[in-house]
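Reviewing the structure listed below.
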Amino acid sequence: MNTIRIPVDGGLSIVADELGSQSAATVVLGHGGGQTRHSWDRAGLDFAAAGYRVLNYDLLGHGESDWEPDGDYSYLRRAADLGHVAAQAQGPFALVGASLGGLAAMVAVAGGLRPGALVLVDVVPRLAVAGVDRIVAFMSANPAGFASLEEAADAVSAYYPDRPRPRDPSGLARNLREGADGRLRWHWDPRFLDSRDDHGRVMDLVESSDWGADVPTLLVRGMKSDIVDDDGVASLRALVPALEVVDIVDAGHMVAGDRNDRFNEAVLGFLRRVMPPER
């Protein structure tokens, strides 16, 4: 694995892990809001083992990527960033985006980026409002941070009770920063949450595009999720008549984290058909 920095607009840079052979078709992994590229670690290894080159990146304002000085985390900005990441591919590429990463991918494709395949992970243009509000409430709930990793783990468990609380919360350290006051805060720029006000524009951009006609698209839905409902799936199918859908019964919104085995099986089966790793 090689960690690289990719220049994007405004003199900023995106950090990405690069896995696999550069001669293979590329899979670009975009994580959800409030996560980092490490949410894809297992998937990235499996995709590389299957013969793909993988670019697993931290979205702007997340993880090790730069924070936007003016707080511009609009979806158009994220789509432009994704274009710079995809430009690192030396041949065919697929976009795999979870939640926020999936919204960025849809806007990028609606704006003219043409991947060999698009995989949307529990995200559609028309999200269930109640589910979105619940996520934003969690992410906004602790502006003063946490005194310890255990306290942060308690907050995650309260939000996501279906996932067992880890006995050792040290893995959370990758998602937290220690401030000058010694308290731990999530590893993202809190101003990115303001971008949700831009969501109406996302729907306008996506729904006015004909991208669904020529980009093979898979939706992987977590059936325990309150983000994507049947109406949301129908709205996406109206844009992408040939849409393929895989429902993972025992997974929530963080599908790859809940059932990585089922997720990888579904995505690799789709990619091998529509964009084999060999060029």
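Labels for the structure tokens follow display order: chains A, B, ..., residues from 1 in each chain, ligands from 1.
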
Checklist entry - Near range 254-271 of chain A, counting only C-alpha atoms, which residues have an atom at most 8 Å away, once you skip same-chain residues fewer than 4 positions from it, shown as a list in words? => result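 The contact residues come out as Ser39, Trp40, Arg42, Ala43, Asp46, Phe47, Ala50, Ala98, Ala117, Val119, Val121, Asp122, Arg163, Leu218, Val220, Arg221, Gly222, Val246, Ile248, Asp250, Met275 and Pro276 of chain A.
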
Next on the checklist: What's around Gly112 in chain A at 10 Å? Count only C-alpha atoms, leave out sequence neighbours fewer than 2 positions away in its own chain, and write the answer as a PyMOL selection string.
Outcome noted: chain A and resi 83+107-110+114-115+209-211

Item to check | Contacts of Pro7 in chain A within 10 Å, only C-alpha atoms, excl. fewer than 4 positions in-chain, as a PyMOL selection string | outcome: chain A and resi 11-15+81+84-85

Using C-alpha atoms, can you write the selected residues to a file as a PDB file, in the first residue's frame?
ATOM      1  CA  GLY A  11      -3.974  24.606  -3.554  1.00  0.00           C
ATOM      2  CA  LEU A  12      -5.371  21.912  -1.260  1.00  0.00           C
ATOM      3  CA  SER A  13      -4.742  18.193  -1.323  1.00  0.00           C
ATOM      4  CA  ILE A  14      -6.569  14.930  -0.814  1.00  0.00           C
ATOM      5  CA  VAL A  15      -4.877  11.971   0.905  1.00  0.00           C
ATOM      6  CA  ASP A  81     -12.362  16.836  -5.950  1.00  0.00           C
ATOM      7  CA  HIS A  84      -9.090  14.981  -9.574  1.00  0.00           C
ATOM      8  CA  VAL A  85      -8.938  11.644  -7.755  1.00  0.00           C
TER       9      VAL A  85
END

Sorted by chain and rising residue number, list the residues of range 134-186 of chain A at most 9 Å from range 26-36 of chain A (counting only C-alpha atoms), each with its closest atom pair and distance in Å to one decimal, as CSV.
residue,atom,partner,partner_atom,distance
A:Met139,CA,A:Gly34,CA,7.5
A:Arg174,CA,A:Thr36,CA,8.0
A:Asn175,CA,A:Thr36,CA,6.8
A:Trp186,CA,A:Gly34,CA,7.6

For the selection just defined, write its residues with all heavy atoms to a file, as a PDB file, in the first residue's frame.
ATOM      1  N   MET A 139     -23.930  13.791  14.789  1.00  0.00           N
ATOM      2  CA  MET A 139     -22.660  14.413  14.435  1.00  0.00           C
ATOM      3  C   MET A 139     -22.501  15.801  15.055  1.00  0.00           C
ATOM      4  O   MET A 139     -21.383  16.293  15.201  1.00  0.00           O
ATOM      5  CB  MET A 139     -22.524  14.465  12.913  1.00  0.00           C
ATOM      6  CG  MET A 139     -22.504  13.096  12.270  1.00  0.00           C
ATOM      7  SD  MET A 139     -22.381  13.143  10.483  1.00  0.00           S
ATOM      8  CE  MET A 139     -20.720  13.694  10.276  1.00  0.00           C
ATOM      9  N   ARG A 174      -8.443   6.700  15.117  1.00  0.00           N
ATOM     10  CA  ARG A 174      -8.225   7.166  13.743  1.00  0.00           C
ATOM     11  C   ARG A 174      -9.278   8.179  13.319  1.00  0.00           C
ATOM     12  O   ARG A 174      -9.110   8.870  12.323  1.00  0.00           O
ATOM     13  CB  ARG A 174      -8.229   5.981  12.781  1.00  0.00           C
ATOM     14  CG  ARG A 174      -7.058   5.037  12.976  1.00  0.00           C
ATOM     15  CD  ARG A 174      -7.079   3.893  11.997  1.00  0.00           C
ATOM     16  NE  ARG A 174      -8.255   3.057  12.127  1.00  0.00           N
ATOM     17  CZ  ARG A 174      -8.424   1.902  11.505  1.00  0.00           C
ATOM     18  NH1 ARG A 174      -7.466   1.451  10.702  1.00  0.00           N
ATOM     19  NH2 ARG A 174      -9.520   1.194  11.672  1.00  0.00           N
ATOM     20  N   ASN A 175     -10.390   8.244  14.058  1.00  0.00           N
ATOM     21  CA  ASN A 175     -11.478   9.158  13.716  1.00  0.00           C
ATOM     22  C   ASN A 175     -11.556  10.361  14.642  1.00  0.00           C
ATOM     23  O   ASN A 175     -12.531  11.107  14.616  1.00  0.00           O
ATOM     24  CB  ASN A 175     -12.822   8.415  13.758  1.00  0.00           C
ATOM     25  CG  ASN A 175     -12.917   7.356  12.685  1.00  0.00           C
ATOM     26  OD1 ASN A 175     -12.469   7.559  11.569  1.00  0.00           O
ATOM     27  ND2 ASN A 175     -13.468   6.211  13.037  1.00  0.00           N
ATOM     28  N   TRP A 186     -14.085  14.740  16.816  1.00  0.00           N
ATOM     29  CA  TRP A 186     -14.139  13.968  15.574  1.00  0.00           C
ATOM     30  C   TRP A 186     -13.192  14.567  14.528  1.00  0.00           C
ATOM     31  O   TRP A 186     -12.991  15.767  14.472  1.00  0.00           O
ATOM     32  CB  TRP A 186     -15.561  13.929  15.036  1.00  0.00           C
ATOM     33  CG  TRP A 186     -16.528  13.231  15.937  1.00  0.00           C
ATOM     34  CD1 TRP A 186     -17.630  13.750  16.519  1.00  0.00           C
ATOM     35  CD2 TRP A 186     -16.474  11.855  16.357  1.00  0.00           C
ATOM     36  NE1 TRP A 186     -18.278  12.807  17.287  1.00  0.00           N
ATOM     37  CE2 TRP A 186     -17.591  11.633  17.208  1.00  0.00           C
ATOM     38  CE3 TRP A 186     -15.600  10.802  16.114  1.00  0.00           C
ATOM     39  CZ2 TRP A 186     -17.848  10.396  17.800  1.00  0.00           C
ATOM     40  CZ3 TRP A 186     -15.861   9.570  16.712  1.00  0.00           C
ATOM     41  CH2 TRP A 186     -16.966   9.380  17.534  1.00  0.00           C
TER      42      TRP A 186
END

Next on the checklist: Considering only helix (DSSP H, G or I) as DSSP defines it on the backbone, what residues of range 182-243 of chain A qualify? List them as an MDAnalysis selection string.
Outcome noted: chainID A and resid 190:207 211:213 230:239

Expected file contents, prior selection, N, CA, C and O atoms, as a compact mmCIF listing (two decimals), in the first residue's frame:
# COMPACT_ATOMS: atom_id res chain seq x y z
N PRO A 190 -16.23 20.58 11.26
CA PRO A 190 -17.68 20.60 11.51
C PRO A 190 -18.45 21.46 10.52
O PRO A 190 -19.67 21.29 10.38
N ARG A 191 -17.76 22.34 9.81
CA ARG A 191 -18.46 23.18 8.83
C ARG A 191 -19.00 22.37 7.66
O ARG A 191 -19.87 22.85 6.92
N PHE A 192 -18.50 21.14 7.47
CA PHE A 192 -19.00 20.36 6.34
C PHE A 192 -20.47 20.02 6.51
O PHE A 192 -21.18 19.76 5.52
N LEU A 193 -20.96 20.02 7.75
CA LEU A 193 -22.37 19.71 7.98
C LEU A 193 -23.29 20.75 7.33
O LEU A 193 -24.45 20.45 7.04
N ASP A 194 -22.79 21.95 7.11
CA ASP A 194 -23.61 22.97 6.47
C ASP A 194 -23.97 22.61 5.03
O ASP A 194 -24.90 23.16 4.46
N SER A 195 -23.23 21.68 4.43
CA SER A 195 -23.47 21.31 3.03
C SER A 195 -24.80 20.62 2.84
O SER A 195 -25.30 20.52 1.73
N ARG A 196 -25.41 20.13 3.93
CA ARG A 196 -26.71 19.46 3.75
C ARG A 196 -27.76 20.43 3.23
O ARG A 196 -28.75 20.01 2.64
N ASP A 197 -27.54 21.74 3.44
CA ASP A 197 -28.48 22.72 2.90
C ASP A 197 -28.42 22.77 1.37
O ASP A 197 -29.28 23.35 0.73
N ASP A 198 -27.37 22.18 0.81
CA ASP A 198 -27.15 22.15 -0.64
C ASP A 198 -27.83 20.95 -1.30
O ASP A 198 -27.75 20.77 -2.49
N HIS A 199 -28.51 20.13 -0.49
CA HIS A 199 -29.00 18.85 -1.01
C HIS A 199 -30.07 19.04 -2.08
O HIS A 199 -30.16 18.25 -3.03
N GLY A 200 -30.90 20.07 -1.95
CA GLY A 200 -31.89 20.32 -2.99
C GLY A 200 -31.26 20.51 -4.35
O GLY A 200 -31.79 20.06 -5.37
N ARG A 201 -30.11 21.16 -4.35
CA ARG A 201 -29.41 21.37 -5.62
C ARG A 201 -28.87 20.05 -6.17
O ARG A 201 -28.81 19.86 -7.38
N VAL A 202 -28.48 19.16 -5.27
CA VAL A 202 -28.03 17.84 -5.71
C VAL A 202 -29.12 17.16 -6.50
O VAL A 202 -28.88 16.62 -7.59
N MET A 203 -30.33 17.17 -5.98
CA MET A 203 -31.43 16.51 -6.68
C MET A 203 -31.68 17.15 -8.03
O MET A 203 -31.92 16.47 -9.02
N ASP A 204 -31.61 18.49 -8.09
CA ASP A 204 -31.81 19.17 -9.37
C ASP A 204 -30.74 18.74 -10.38
O ASP A 204 -31.05 18.46 -11.54
N LEU A 205 -29.48 18.69 -9.93
CA LEU A 205 -28.38 18.33 -10.83
C LEU A 205 -28.52 16.90 -11.32
O LEU A 205 -28.39 16.61 -12.51
N VAL A 206 -28.79 15.99 -10.40
CA VAL A 206 -28.86 14.58 -10.76
C VAL A 206 -30.07 14.28 -11.61
O VAL A 206 -29.99 13.55 -12.62
N GLU A 207 -31.20 14.85 -11.26
CA GLU A 207 -32.43 14.50 -11.94
C GLU A 207 -32.56 15.15 -13.31
O GLU A 207 -33.40 14.74 -14.11
N TRP A 211 -27.28 10.67 -17.05
CA TRP A 211 -26.16 9.78 -16.76
C TRP A 211 -26.59 8.32 -16.59
O TRP A 211 -25.82 7.40 -16.83
N GLY A 212 -27.83 8.10 -16.18
CA GLY A 212 -28.29 6.74 -15.95
C GLY A 212 -28.37 5.89 -17.19
O GLY A 212 -28.48 4.67 -17.11
N ALA A 213 -28.28 6.52 -18.35
CA ALA A 213 -28.43 5.77 -19.60
C ALA A 213 -27.16 5.03 -19.99
O ALA A 213 -27.24 4.04 -20.73
N ASP A 230 -38.09 2.79 0.23
CA ASP A 230 -38.54 2.31 -1.08
C ASP A 230 -38.80 3.45 -2.05
O ASP A 230 -38.55 3.32 -3.26
N ASP A 231 -39.30 4.58 -1.56
CA ASP A 231 -39.52 5.73 -2.43
C ASP A 231 -38.20 6.25 -2.97
O ASP A 231 -38.12 6.66 -4.14
N GLY A 232 -37.18 6.23 -2.14
CA GLY A 232 -35.87 6.67 -2.59
C GLY A 232 -35.30 5.76 -3.66
O GLY A 232 -34.70 6.23 -4.64
N VAL A 233 -35.49 4.46 -3.50
CA VAL A 233 -35.03 3.52 -4.53
C VAL A 233 -35.78 3.76 -5.84
O VAL A 233 -35.19 3.75 -6.92
N ALA A 234 -37.09 3.99 -5.74
CA ALA A 234 -37.89 4.25 -6.94
C ALA A 234 -37.42 5.51 -7.65
O ALA A 234 -37.39 5.56 -8.89
N SER A 235 -37.04 6.53 -6.89
CA SER A 235 -36.56 7.78 -7.51
C SER A 235 -35.27 7.54 -8.27
O SER A 235 -35.05 8.12 -9.34
N LEU A 236 -34.39 6.68 -7.72
CA LEU A 236 -33.15 6.38 -8.43
C LEU A 236 -33.43 5.53 -9.66
O LEU A 236 -32.84 5.73 -10.72
N ARG A 237 -34.34 4.58 -9.53
CA ARG A 237 -34.65 3.72 -10.69
C ARG A 237 -35.25 4.52 -11.84
O ARG A 237 -35.07 4.18 -13.01
N ALA A 238 -35.97 5.60 -11.51
CA ALA A 238 -36.51 6.46 -12.57
C ALA A 238 -35.39 7.11 -13.38
O ALA A 238 -35.55 7.38 -14.57
N LEU A 239 -34.24 7.35 -12.73
CA LEU A 239 -33.09 7.93 -13.41
C LEU A 239 -32.25 6.88 -14.11
O LEU A 239 -31.61 7.15 -15.12

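Residues in contact with range 53-58 of chain A at up to 6 Å, not including ones fewer than 3 positions away on its chain and judged by only C-alpha atoms, are Val15, Ala16, Asp17, Glu18, Leu19, Gly20, Ser21, Gln22, Ala24, Ala25, Thr26, Val27, Val28, Leu29, Thr36, Arg37, Ala48, His62, Gly63 and Ser65 of chain A.
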
Those selected residues, please, written with N, CA, C and O atoms and delivered as a short mmCIF file (atom, residue, chain, number, x, y, z; two decimals), in the first residue's frame.
data_model
loop_
_atom_site.label_atom_id
_atom_site.label_comp_id
_atom_site.auth_asym_id
_atom_site.auth_seq_id
_atom_site.Cartn_x
_atom_site.Cartn_y
_atom_site.Cartn_z
N VAL A 15 -5.73 13.12 0.58
CA VAL A 15 -4.88 11.97 0.91
C VAL A 15 -5.60 10.69 0.51
O VAL A 15 -6.80 10.54 0.77
N ALA A 16 -4.87 9.79 -0.13
CA ALA A 16 -5.46 8.52 -0.57
C ALA A 16 -4.47 7.39 -0.38
O ALA A 16 -3.25 7.58 -0.48
N ASP A 17 -5.00 6.21 -0.09
CA ASP A 17 -4.21 4.99 -0.10
C ASP A 17 -4.36 4.34 -1.47
O ASP A 17 -5.48 4.23 -2.00
N GLU A 18 -3.24 3.91 -2.02
CA GLU A 18 -3.21 3.28 -3.34
C GLU A 18 -2.80 1.82 -3.16
O GLU A 18 -1.76 1.54 -2.55
N LEU A 19 -3.64 0.91 -3.65
CA LEU A 19 -3.36 -0.52 -3.53
C LEU A 19 -3.49 -1.17 -4.90
O LEU A 19 -4.24 -0.70 -5.76
N GLY A 20 -2.78 -2.29 -5.08
CA GLY A 20 -2.91 -3.05 -6.31
C GLY A 20 -2.01 -2.56 -7.43
O GLY A 20 -1.26 -1.60 -7.29
N SER A 21 -2.14 -3.22 -8.57
CA SER A 21 -1.31 -2.93 -9.73
C SER A 21 -1.81 -1.71 -10.49
O SER A 21 -3.02 -1.59 -10.76
N GLN A 22 -0.92 -0.81 -10.85
CA GLN A 22 -1.30 0.38 -11.61
C GLN A 22 -1.79 0.05 -13.01
O GLN A 22 -2.42 0.89 -13.66
N ALA A 24 -4.02 -2.17 -13.67
CA ALA A 24 -5.38 -2.71 -13.58
C ALA A 24 -6.42 -1.60 -13.62
O ALA A 24 -6.12 -0.42 -13.39
N ALA A 25 -7.65 -1.97 -13.90
CA ALA A 25 -8.76 -1.02 -13.78
C ALA A 25 -8.85 -0.56 -12.33
O ALA A 25 -8.56 -1.30 -11.40
N THR A 26 -9.27 0.69 -12.16
CA THR A 26 -9.20 1.34 -10.84
C THR A 26 -10.57 1.42 -10.19
O THR A 26 -11.57 1.72 -10.85
N VAL A 27 -10.61 1.17 -8.89
CA VAL A 27 -11.81 1.37 -8.08
C VAL A 27 -11.52 2.51 -7.10
O VAL A 27 -10.58 2.43 -6.31
N VAL A 28 -12.31 3.57 -7.19
CA VAL A 28 -12.16 4.73 -6.30
C VAL A 28 -13.19 4.60 -5.19
O VAL A 28 -14.39 4.49 -5.45
N LEU A 29 -12.73 4.62 -3.94
CA LEU A 29 -13.59 4.44 -2.78
C LEU A 29 -13.78 5.77 -2.06
O LEU A 29 -12.80 6.39 -1.62
N THR A 36 -13.63 8.23 7.67
CA THR A 36 -12.36 8.42 6.98
C THR A 36 -12.17 7.26 6.01
O THR A 36 -12.97 6.31 5.98
N ARG A 37 -11.09 7.32 5.26
CA ARG A 37 -10.82 6.25 4.29
C ARG A 37 -10.66 4.90 4.98
O ARG A 37 -10.83 3.84 4.35
N ALA A 48 -8.28 -5.12 -4.14
CA ALA A 48 -6.93 -5.24 -4.70
C ALA A 48 -6.57 -6.71 -4.91
O ALA A 48 -5.98 -7.08 -5.94
N HIS A 62 -11.91 15.79 5.98
CA HIS A 62 -11.98 14.54 6.73
C HIS A 62 -10.60 13.90 6.80
O HIS A 62 -9.78 14.07 5.88
N GLY A 63 -10.38 13.12 7.85
CA GLY A 63 -9.17 12.33 7.94
C GLY A 63 -7.91 13.17 7.79
O GLY A 63 -7.75 14.20 8.44
N SER A 65 -6.94 14.52 4.83
CA SER A 65 -7.05 15.50 3.76
C SER A 65 -7.19 16.90 4.35
O SER A 65 -7.56 17.08 5.51
#

Item to check | Nearby residues (only C-alpha atoms) at most 7 Å from Arg185 in chain A, same-chain spacing under 2 positions excluded, as an MDAnalysis selection string | outcome: chainID A and resid 145:146 176:178 183 187

Next on the checklist: Please return, as a ChimeraX atom specification, all residues of range 7-207 of chain A that DSSP assigns to strand (DSSP E) on the basis of the backbone.
Outcome noted: /A:7-8,12-19,26-30,53-57,93-98,117-121,176-178,184-186

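Considering the residues A:Ser74, A:Ser23, A:Ser140, A:Ser148 and counting only C-alpha atoms, Gln90 in chain A has its shortest atom-to-atom contact with A:Ser23.
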
Checklist entry - Of the candidates A:Arg273, A:Arg167, A:Arg134, A:His38, which shows the shortest atom-to-atom distance to His253 in chain A, using only C-alpha atoms? => result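 Of A:Arg273, A:Arg167, A:Arg134, A:His38, the one nearest His253 in chain A, counting only C-alpha atoms, is A:Arg134.
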
Checklist entry - What is the CA of Arg272 in chain A to CA of Gln88 in chain A distance in Å? => result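 For CA of Arg272 in chain A relative to CA of Gln88 in chain A, the distance reads 20.9 Å.
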
Checklist entry - In terms of the shortest atom-to-atom distance over only C-alpha atoms, which of A:Ala94, A:Leu45, A:Met106, A:Val124 is closest to Tyr75 in chain A? => result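 Using only C-alpha atoms, the shortest distance to Tyr75 in chain A belongs to A:Met106.
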
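Of the residues under consideration (A:Val245, A:Ile6, A:Val132, A:Leu184), A:Ile6 shows the shortest atom-to-atom contact distance to Ala87 in chain A when counting only C-alpha atoms.
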